[in-house]
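Engineer: This is the structure, below, for whatever I ask next.
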Amino acid sequence: MTAFSLGTFGFPEVRADGRPIKLALRKGLALLVYLGEARSAVAREMMATLLWPETPRETGLARLRRLLHRVELALGKSVFETDRTSLRWSPDVELQLDSHLFEEACDRGAFEQACLVYRGDFLAGFAPEDCPEFDDWAFFRREALRGRLVHALERLVQDKNAAGDHFAATAHAQRLVELDPLSEVYGRHLIRSLLLAGDRSAAERHHAALTQRLRDELDVAPEAETEALMSPAAAPHATPTTRYVKGGGVHLAYQTYGRGPLDILVMPGFVSHVERAWEHPASRTFLASLMKLGRLIVFDRRGIGLSDRVGSAPGIDVTAEDIGTVLRAADSRRVVLFGASECGPACIKFAVDEPRRVAGLILFGALAKGCWSEDYPHALRASQYDAWSRHLIAQWGGPVGIETFAPTLAGDPQARAWWAGLLRAASSPGGISAVLEAFRDADVRHLLPQIAVPTSVLHRRGDKAVRIAAGRDIASRIKGAEFVELDGNDHWFFAGDQRPVLEAIGRFIGRIS
């Protein structure tokens with residue numbers, strides 16, 4: 001049996017028993033890759049529309065039949081299984097795709113092997129003529145794979161440095177910098193690894209290059225943490241590390257900072273990244289301020305940030321279970337849950353399920369139901385929500401949504417670059433689509449009367465992402481909850497004037513402790 005392999009990282013390649021096959025048909029290559037990625041039968045009409053979108057139906061189907069014949073002539077073997085309505089790679093053909101090998105290695109935690117397989121972006125430099133829908137599909141697939149590469153490299157940098165293999169950590173950190181040259185987190189990974197490897201001169205060169213890029217592109221200076229690395233007294237080992245705990249078959253990334261009689265678990269919204277959250281000055285200032293009130297705990301939900309990527313979106317029940325997993329790993333006994341926006345429902349669920357462990361619940365800019373219904377007018381209608389979701393996904397990789405989430409930061413080049421980088425590092429268009437869909441269908445209103453822990457609901461009057469009426473509604477359904485109405489129109493808790501938010505949190509924690 002002839003074994004075929006498709007190389008999809010970079011310009012697509014076809015091999016038969018290890019021999020390269022020249023296929024001078026761009027749409028033929030597109031056909032092979034799409035069917036290989038699909039892993040199952042694809043409707044003929046859909047495939048014809050994908051490759052000839054402006055062609056009449058019958059003409060497109062005829063062209064598809066001719067293309068199938070020409071591809072099999074070039075391959076020298078019958079490789080397709082077809083019927084009147086669908087087609088696929090024949091199950092009798094041994095087929096291997098490098099993109100599948102990459103994902104399987106990531107799933108096993110074999111990150112080093114995965115990074116060796118990833119030799120370039122998915123279908124880089126390849127585009128069949130006049131196939132915009134294929135190009136869109138390739139873009140989303142490319143971003144998903146690229147996101148998994150970033151996740152794998154981040155894990156390798158941490159693991160290699162922890163094992164003392166600083167030269168290997170340096171190589172992986174260099175790839176991270178190449179993927180996102182403006183990320184100070186990745187820049188620090190590289191500089192720190194070089195210092196640990198004893199190559200101070202290289203660390204100085206990369207520090208100078210990072211400083212120049214930040215000045216040229218964003219007109220900002222490096223952060224104090226970046227500058228401190230180059231101080232002779234700097235101790236790279238003292239930098240807080242990301243830890244992992246396994247729960248429900250998934251590794252969750254978390255960090256703890258400081259100490260105090262109470263723990264404060266912060267869940268920021270639909271995306272997160274435990275390391276890049278510290279990269280923006282306003283976010284870092286807010287989190288550092290919370291450390292004065294107790295020990296800070298942050299973590300990435302499954303499928304997001306540095307936690308394992310999963311094949312489906314975690315529901316509220318699963319996220320609540322993950323909260324418990326992280327709290328047990330951090331040996332937390334009394335915790336204040338700070339759930340912002342989309343993470344509010346999971347915190348509500350945990351507070352109901354585990355009231356003995358929860359000292360208090362703070363909800364910021366949250367809502368109890370994902371979309372509008374006749375008895376819940378405080379959210380977008382499902383059609384509006386889906387339109388917003390499509391816009392977010394279509395613009396993924398840029399600073400999409402910052403004008404709504406943080407109007408006061410929307411004009412700041414540094415904030416825009418940070419948000420775009422965080423989105424790319426935290427998830428992919430396909431991954432976040434499932435997360436948003438799950439939240440759209442969420443509804444925890446029935447849980448609100450069951451909350452028996454002290455609760456404070458904070459909401460800014462002009463919040464453009466979640467109407468203040470949604471916050472009032474939550475507070476009205478929780479016995480004894482306080483509702484704090486704040487000035488401003490930023491949805492992000494750290495954007496705009498932080499002082500009133502931090503004061504409200506401080507008063508609440510003071511009362512319950």
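A note on labels: chains of the structure tokens are A, B, ... as shown, every chain counts residues from 1, and ligands are counted from 1 in their shown order.
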Within segment 116-256 of chain A, find each residue whose DSSP state, derived from the backbone, is strand (DSSP E), and express the selection as a count of residues only.
Structural biologist: 12
Engineer: For Val336 of chain A, list every protein, DNA or RNA residue within 9 Å, evaluated using only C-alpha atoms, and leave out those in the same chain fewer than 4 positions away; present the list as a list of chain:residue names.
Structural biologist: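 What passes the distance filter is A:Leu262, A:Asp263, A:Ile264, A:Leu265, A:Val266, A:Arg357, A:Val358, A:Ala359, A:Gly360, A:Leu361, A:Ile362, A:Ile509.
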Engineer: Looking at only C-alpha atoms, which of A:Glu342, A:Glu354, A:Glu72, A:Asp490 is the one that sits closest to Ala320 of chain A?
Structural biologist: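 Ranking A:Glu342, A:Glu354, A:Glu72, A:Asp490 by distance to Ala320 of chain A, first place goes to A:Glu354.
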Engineer: Using only C-alpha atoms for the distances, tell me which of A:Val298, A:Leu149, A:Ala203, A:Leu95 is nearest to Ala114 of chain A.
Structural biologist: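 Among the listed residues, A:Leu149 lies closest to Ala114 of chain A.
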Engineer: Mind checking which residues fall within 10 Å of Arg467 of chain A, counting only C-alpha atoms, ignoring those fewer than 4 positions away in the same chain, and posting them as a PyMOL selection string?
Structural biologist: chain A and resi 365-367+378-380+459-463+471-472+491
Engineer: Counting only C-alpha atoms, figure out which residue out of A:Gly324, A:Gly431, A:Gly496, A:Gly370 gets nearest to Ala410 of chain A.
Structural biologist: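 So, comparing all the options, the nearest one is A:Gly496.
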Engineer: Write out as an NGL selection string which residues come within 9 Å of segment 413-420 of chain A when counting only C-alpha atoms, dropping same-chain ones fewer than 5 positions away.
Structural biologist: :A and (182-183 or 214 or 217-220 or 276 or 279-281 or 396-400 or 402 or 425)
Engineer: For Ser283 of chain A, list every protein, DNA or RNA residue within 8 Å, evaluated using only C-alpha atoms, and leave out those in the same chain fewer than 4 positions away; present the list as a short mmCIF file (atom, residue, chain, number, x, y, z; two decimals) with N, CA and C atoms, in the first residue's frame.
Structural biologist:
data_model
loop_
_atom_site.label_atom_id
_atom_site.label_comp_id
_atom_site.auth_asym_id
_atom_site.auth_seq_id
_atom_site.Cartn_x
_atom_site.Cartn_y
_atom_site.Cartn_z
N ALA A 277 -0.98 38.91 31.59
CA ALA A 277 -1.82 39.84 32.36
C ALA A 277 -0.97 40.87 33.09
N TRP A 278 0.26 40.47 33.44
CA TRP A 278 1.14 41.37 34.17
C TRP A 278 1.90 42.32 33.24
N GLU A 279 1.73 42.16 31.95
CA GLU A 279 2.53 42.91 31.01
C GLU A 279 2.03 44.34 30.82
N LEU A 287 -3.58 44.36 39.96
CA LEU A 287 -3.32 43.09 40.62
C LEU A 287 -2.38 43.26 41.81
N PHE A 494 -9.49 47.00 35.46
CA PHE A 494 -8.24 47.73 35.68
C PHE A 494 -8.13 48.98 34.82
N ALA A 495 -9.05 49.16 33.86
CA ALA A 495 -9.00 50.33 32.97
C ALA A 495 -9.71 51.51 33.63
#
Engineer: In Å, with one decimal, what is the gap from atom CA of Trp52 of chain A to atom CA of Glu94 of chain A?
Structural biologist: 28.5 Å
Engineer: Point out the residue among A:Ala228, A:Ala208, A:Leu51, A:Val42 with the least atom-to-atom distance to Arg192 of chain A, counting only C-alpha atoms.
Structural biologist: A:Ala228
Engineer: Quick one: pick out all alpha helix (DSSP H) residues within segment 118-275 of chain A from a backbone DSSP run and write them as a tab-separated table (two decimals) with N, CA and C atoms, in the first residue's frame.
Structural biologist:
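Saved the output as selection-v2.tsv:
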chain	number	residue	atom	x	y	z
A	132	PRO	N	-11.93	32.89	-1.76
A	132	PRO	CA	-11.92	33.61	-0.48
A	132	PRO	C	-12.38	32.77	0.70
A	133	GLU	N	-13.35	31.87	0.49
A	133	GLU	CA	-13.82	31.05	1.60
A	133	GLU	C	-12.76	30.05	2.03
A	134	PHE	N	-12.01	29.51	1.08
A	134	PHE	CA	-10.90	28.63	1.44
A	134	PHE	C	-9.85	29.43	2.20
A	135	ASP	N	-9.58	30.64	1.75
A	135	ASP	CA	-8.59	31.48	2.43
A	135	ASP	C	-9.02	31.76	3.87
A	136	ASP	N	-10.32	32.01	4.09
A	136	ASP	CA	-10.81	32.25	5.44
A	136	ASP	C	-10.64	31.00	6.31
A	137	TRP	N	-11.00	29.84	5.75
A	137	TRP	CA	-10.82	28.60	6.50
A	137	TRP	C	-9.35	28.40	6.86
A	138	ALA	N	-8.47	28.62	5.90
A	138	ALA	CA	-7.03	28.44	6.15
A	138	ALA	C	-6.53	29.41	7.22
A	139	PHE	N	-7.07	30.63	7.23
A	139	PHE	CA	-6.66	31.63	8.24
A	139	PHE	C	-7.01	31.15	9.64
A	140	PHE	N	-8.25	30.71	9.84
A	140	PHE	CA	-8.65	30.27	11.17
A	140	PHE	C	-7.88	29.03	11.61
A	141	ARG	N	-7.63	28.12	10.68
A	141	ARG	CA	-6.85	26.94	11.02
A	141	ARG	C	-5.41	27.33	11.36
A	142	ARG	N	-4.86	28.27	10.60
A	142	ARG	CA	-3.50	28.76	10.85
A	142	ARG	C	-3.38	29.37	12.25
A	143	GLU	N	-4.35	30.21	12.61
A	143	GLU	CA	-4.30	30.86	13.92
A	143	GLU	C	-4.44	29.84	15.05
A	144	ALA	N	-5.29	28.82	14.85
A	144	ALA	CA	-5.45	27.80	15.88
A	144	ALA	C	-4.14	27.04	16.11
A	145	LEU	N	-3.48	26.65	15.03
A	145	LEU	CA	-2.22	25.92	15.15
A	145	LEU	C	-1.12	26.81	15.71
A	146	ARG	N	-1.10	28.04	15.28
A	146	ARG	CA	-0.09	28.97	15.79
A	146	ARG	C	-0.27	29.18	17.30
A	147	GLY	N	-1.52	29.26	17.74
A	147	GLY	CA	-1.78	29.40	19.17
A	147	GLY	C	-1.29	28.21	19.96
A	148	ARG	N	-1.45	27.02	19.40
A	148	ARG	CA	-0.96	25.83	20.09
A	148	ARG	C	0.57	25.80	20.11
A	149	LEU	N	1.21	26.34	19.07
A	149	LEU	CA	2.66	26.42	19.06
A	149	LEU	C	3.14	27.35	20.18
A	150	VAL	N	2.50	28.50	20.31
A	150	VAL	CA	2.88	29.45	21.37
A	150	VAL	C	2.75	28.79	22.73
A	151	HIS	N	1.64	28.09	22.93
A	151	HIS	CA	1.43	27.40	24.20
A	151	HIS	C	2.52	26.37	24.45
A	152	ALA	N	2.89	25.60	23.42
A	152	ALA	CA	3.92	24.58	23.57
A	152	ALA	C	5.28	25.21	23.90
A	153	LEU	N	5.60	26.29	23.21
A	153	LEU	CA	6.89	26.96	23.46
A	153	LEU	C	6.95	27.54	24.87
A	154	GLU	N	5.86	28.12	25.33
A	154	GLU	CA	5.85	28.66	26.69
A	154	GLU	C	6.09	27.55	27.72
A	155	ARG	N	5.44	26.42	27.51
A	155	ARG	CA	5.65	25.31	28.43
A	155	ARG	C	7.10	24.82	28.39
A	156	LEU	N	7.68	24.76	27.19
A	156	LEU	CA	9.05	24.28	27.07
A	156	LEU	C	10.05	25.22	27.74
A	157	VAL	N	9.85	26.53	27.58
A	157	VAL	CA	10.76	27.48	28.24
A	157	VAL	C	10.76	27.26	29.74
A	158	GLN	N	9.57	27.12	30.31
A	158	GLN	CA	9.46	26.90	31.75
A	158	GLN	C	10.10	25.57	32.15
A	159	ASP	N	9.75	24.51	31.42
A	159	ASP	CA	10.24	23.18	31.79
A	159	ASP	C	11.76	23.08	31.65
A	160	LYS	N	12.31	23.63	30.57
A	160	LYS	CA	13.75	23.51	30.34
A	160	LYS	C	14.54	24.32	31.36
A	161	ASN	N	14.07	25.52	31.68
A	161	ASN	CA	14.78	26.30	32.70
A	161	ASN	C	14.68	25.61	34.06
A	162	ALA	N	13.51	25.04	34.37
A	162	ALA	CA	13.36	24.35	35.65
A	162	ALA	C	14.29	23.14	35.73
A	166	HIS	N	19.26	25.49	30.20
A	166	HIS	CA	18.98	26.88	29.82
A	166	HIS	C	19.26	27.16	28.35
A	167	PHE	N	20.16	26.41	27.75
A	167	PHE	CA	20.42	26.61	26.32
A	167	PHE	C	19.20	26.21	25.48
A	168	ALA	N	18.58	25.09	25.84
A	168	ALA	CA	17.36	24.69	25.13
A	168	ALA	C	16.25	25.70	25.38
A	169	ALA	N	16.13	26.19	26.62
A	169	ALA	CA	15.10	27.19	26.94
A	169	ALA	C	15.31	28.45	26.09
A	170	THR	N	16.56	28.81	25.88
A	170	THR	CA	16.87	29.99	25.07
A	170	THR	C	16.38	29.83	23.64
A	171	ALA	N	16.59	28.65	23.07
A	171	ALA	CA	16.17	28.40	21.69
A	171	ALA	C	14.65	28.52	21.57
A	172	HIS	N	13.92	27.97	22.52
A	172	HIS	CA	12.46	28.04	22.48
A	172	HIS	C	11.98	29.47	22.72
A	173	ALA	N	12.63	30.19	23.62
A	173	ALA	CA	12.26	31.58	23.89
A	173	ALA	C	12.51	32.45	22.65
A	174	GLN	N	13.55	32.14	21.90
A	174	GLN	CA	13.83	32.89	20.68
A	174	GLN	C	12.68	32.72	19.68
A	175	ARG	N	12.13	31.54	19.58
A	175	ARG	CA	10.99	31.35	18.68
A	175	ARG	C	9.78	32.15	19.15
A	176	LEU	N	9.58	32.24	20.46
A	176	LEU	CA	8.47	33.04	20.98
A	176	LEU	C	8.63	34.51	20.59
A	177	VAL	N	9.85	35.00	20.72
A	177	VAL	CA	10.11	36.40	20.35
A	177	VAL	C	9.87	36.62	18.87
A	178	GLU	N	10.25	35.67	18.05
A	178	GLU	CA	10.01	35.80	16.61
A	178	GLU	C	8.51	35.83	16.29
A	179	LEU	N	7.72	35.09	17.08
A	179	LEU	CA	6.27	35.07	16.86
A	179	LEU	C	5.60	36.36	17.29
A	184	GLU	N	6.80	41.89	25.84
A	184	GLU	CA	7.87	41.96	26.83
A	184	GLU	C	7.95	40.66	27.64
A	185	VAL	N	6.83	39.96	27.79
A	185	VAL	CA	6.86	38.68	28.48
A	185	VAL	C	7.78	37.72	27.75
A	186	TYR	N	7.63	37.63	26.42
A	186	TYR	CA	8.49	36.73	25.65
A	186	TYR	C	9.92	37.25	25.62
A	187	GLY	N	10.07	38.57	25.53
A	187	GLY	CA	11.40	39.15	25.58
A	187	GLY	C	12.11	38.82	26.88
A	188	ARG	N	11.37	38.90	27.98
A	188	ARG	CA	11.96	38.57	29.27
A	188	ARG	C	12.29	37.08	29.37
A	189	HIS	N	11.43	36.23	28.78
A	189	HIS	CA	11.75	34.79	28.75
A	189	HIS	C	13.13	34.58	28.12
A	190	LEU	N	13.37	35.26	27.01
A	190	LEU	CA	14.63	35.08	26.30
A	190	LEU	C	15.80	35.65	27.09
A	191	ILE	N	15.64	36.85	27.60
A	191	ILE	CA	16.73	37.49	28.35
A	191	ILE	C	17.05	36.68	29.60
A	192	ARG	N	16.01	36.26	30.31
A	192	ARG	CA	16.21	35.49	31.54
A	192	ARG	C	16.91	34.17	31.24
A	193	SER	N	16.50	33.50	30.17
A	193	SER	CA	17.12	32.21	29.82
A	193	SER	C	18.59	32.39	29.47
A	194	LEU	N	18.90	33.46	28.75
A	194	LEU	CA	20.30	33.74	28.40
A	194	LEU	C	21.13	34.02	29.65
A	195	LEU	N	20.56	34.78	30.59
A	195	LEU	CA	21.29	35.06	31.83
A	195	LEU	C	21.52	33.78	32.62
A	196	LEU	N	20.49	32.93	32.69
A	196	LEU	CA	20.65	31.67	33.40
A	196	LEU	C	21.69	30.78	32.72
A	200	ARG	N	25.67	36.67	29.24
A	200	ARG	CA	25.19	38.02	29.53
A	200	ARG	C	25.29	38.93	28.32
A	201	SER	N	26.31	38.77	27.50
A	201	SER	CA	26.46	39.66	26.35
A	201	SER	C	25.30	39.48	25.38
A	202	ALA	N	24.86	38.24	25.16
A	202	ALA	CA	23.70	38.00	24.29
A	202	ALA	C	22.43	38.56	24.92
A	203	ALA	N	22.31	38.44	26.25
A	203	ALA	CA	21.15	38.99	26.94
A	203	ALA	C	21.10	40.51	26.76
A	204	GLU	N	22.26	41.15	26.83
A	204	GLU	CA	22.31	42.61	26.65
A	204	GLU	C	21.92	42.99	25.23
A	205	ARG	N	22.35	42.22	24.24
A	205	ARG	CA	21.99	42.51	22.85
A	205	ARG	C	20.47	42.39	22.65
A	206	HIS	N	19.89	41.35	23.21
A	206	HIS	CA	18.45	41.16	23.03
A	206	HIS	C	17.66	42.21	23.82
A	207	HIS	N	18.17	42.61	24.96
A	207	HIS	CA	17.53	43.69	25.72
A	207	HIS	C	17.54	44.98	24.92
A	208	ALA	N	18.68	45.28	24.30
A	208	ALA	CA	18.79	46.50	23.49
A	208	ALA	C	17.85	46.43	22.28
A	209	ALA	N	17.77	45.26	21.66
A	209	ALA	CA	16.88	45.12	20.49
A	209	ALA	C	15.43	45.26	20.90
A	210	LEU	N	15.04	44.68	22.04
A	210	LEU	CA	13.67	44.82	22.52
A	210	LEU	C	13.35	46.28	22.84
A	211	THR	N	14.28	46.95	23.48
A	211	THR	CA	14.09	48.37	23.81
A	211	THR	C	13.86	49.18	22.55
A	212	GLN	N	14.64	48.91	21.50
A	212	GLN	CA	14.51	49.64	20.24
A	212	GLN	C	13.15	49.36	19.58
A	213	ARG	N	12.73	48.10	19.60
A	213	ARG	CA	11.43	47.77	18.98
A	213	ARG	C	10.28	48.47	19.70
A	214	LEU	N	10.33	48.46	21.01
A	214	LEU	CA	9.26	49.11	21.77
A	214	LEU	C	9.22	50.61	21.51
A	215	ARG	N	10.40	51.21	21.39
A	215	ARG	CA	10.46	52.65	21.12
A	215	ARG	C	9.95	52.96	19.71
A	216	ASP	N	10.38	52.16	18.73
A	216	ASP	CA	10.02	52.43	17.33
A	216	ASP	C	8.53	52.16	17.06
A	217	GLU	N	8.01	51.06	17.60
A	217	GLU	CA	6.65	50.63	17.26
A	217	GLU	C	5.59	51.21	18.18
A	218	LEU	N	5.90	51.35	19.48
A	218	LEU	CA	4.89	51.77	20.45
A	218	LEU	C	5.22	53.08	21.15
A	224	ALA	N	9.64	48.16	34.18
A	224	ALA	CA	10.64	48.07	35.24
A	224	ALA	C	11.13	46.63	35.41
A	225	GLU	N	10.23	45.66	35.25
A	225	GLU	CA	10.62	44.26	35.41
A	225	GLU	C	11.63	43.84	34.34
A	226	THR	N	11.46	44.37	33.13
A	226	THR	CA	12.41	44.07	32.05
A	226	THR	C	13.76	44.70	32.35
A	227	GLU	N	13.74	45.94	32.80
A	227	GLU	CA	15.00	46.63	33.11
A	227	GLU	C	15.72	45.98	34.28
A	228	ALA	N	14.93	45.49	35.24
A	228	ALA	CA	15.55	44.89	36.43
A	228	ALA	C	16.34	43.63	36.08
A	229	LEU	N	15.95	42.96	35.01
A	229	LEU	CA	16.69	41.75	34.63
A	229	LEU	C	18.16	42.04	34.34
Engineer: Show me, as an MDAnalysis selection string, the residues that have an atom within 9 Å of Trp492 of chain A when counting only C-alpha atoms, minus same-chain residues fewer than 6 positions from it.
Structural biologist: chainID A and resid 268:269 340:341 364:365 405:406
Engineer: When distances are computed from only C-alpha atoms, which of A:Val310, A:Ile348, A:Ala438, A:Cys371 shows the smallest separation from Arg108 of chain A?
Structural biologist: A:Val310
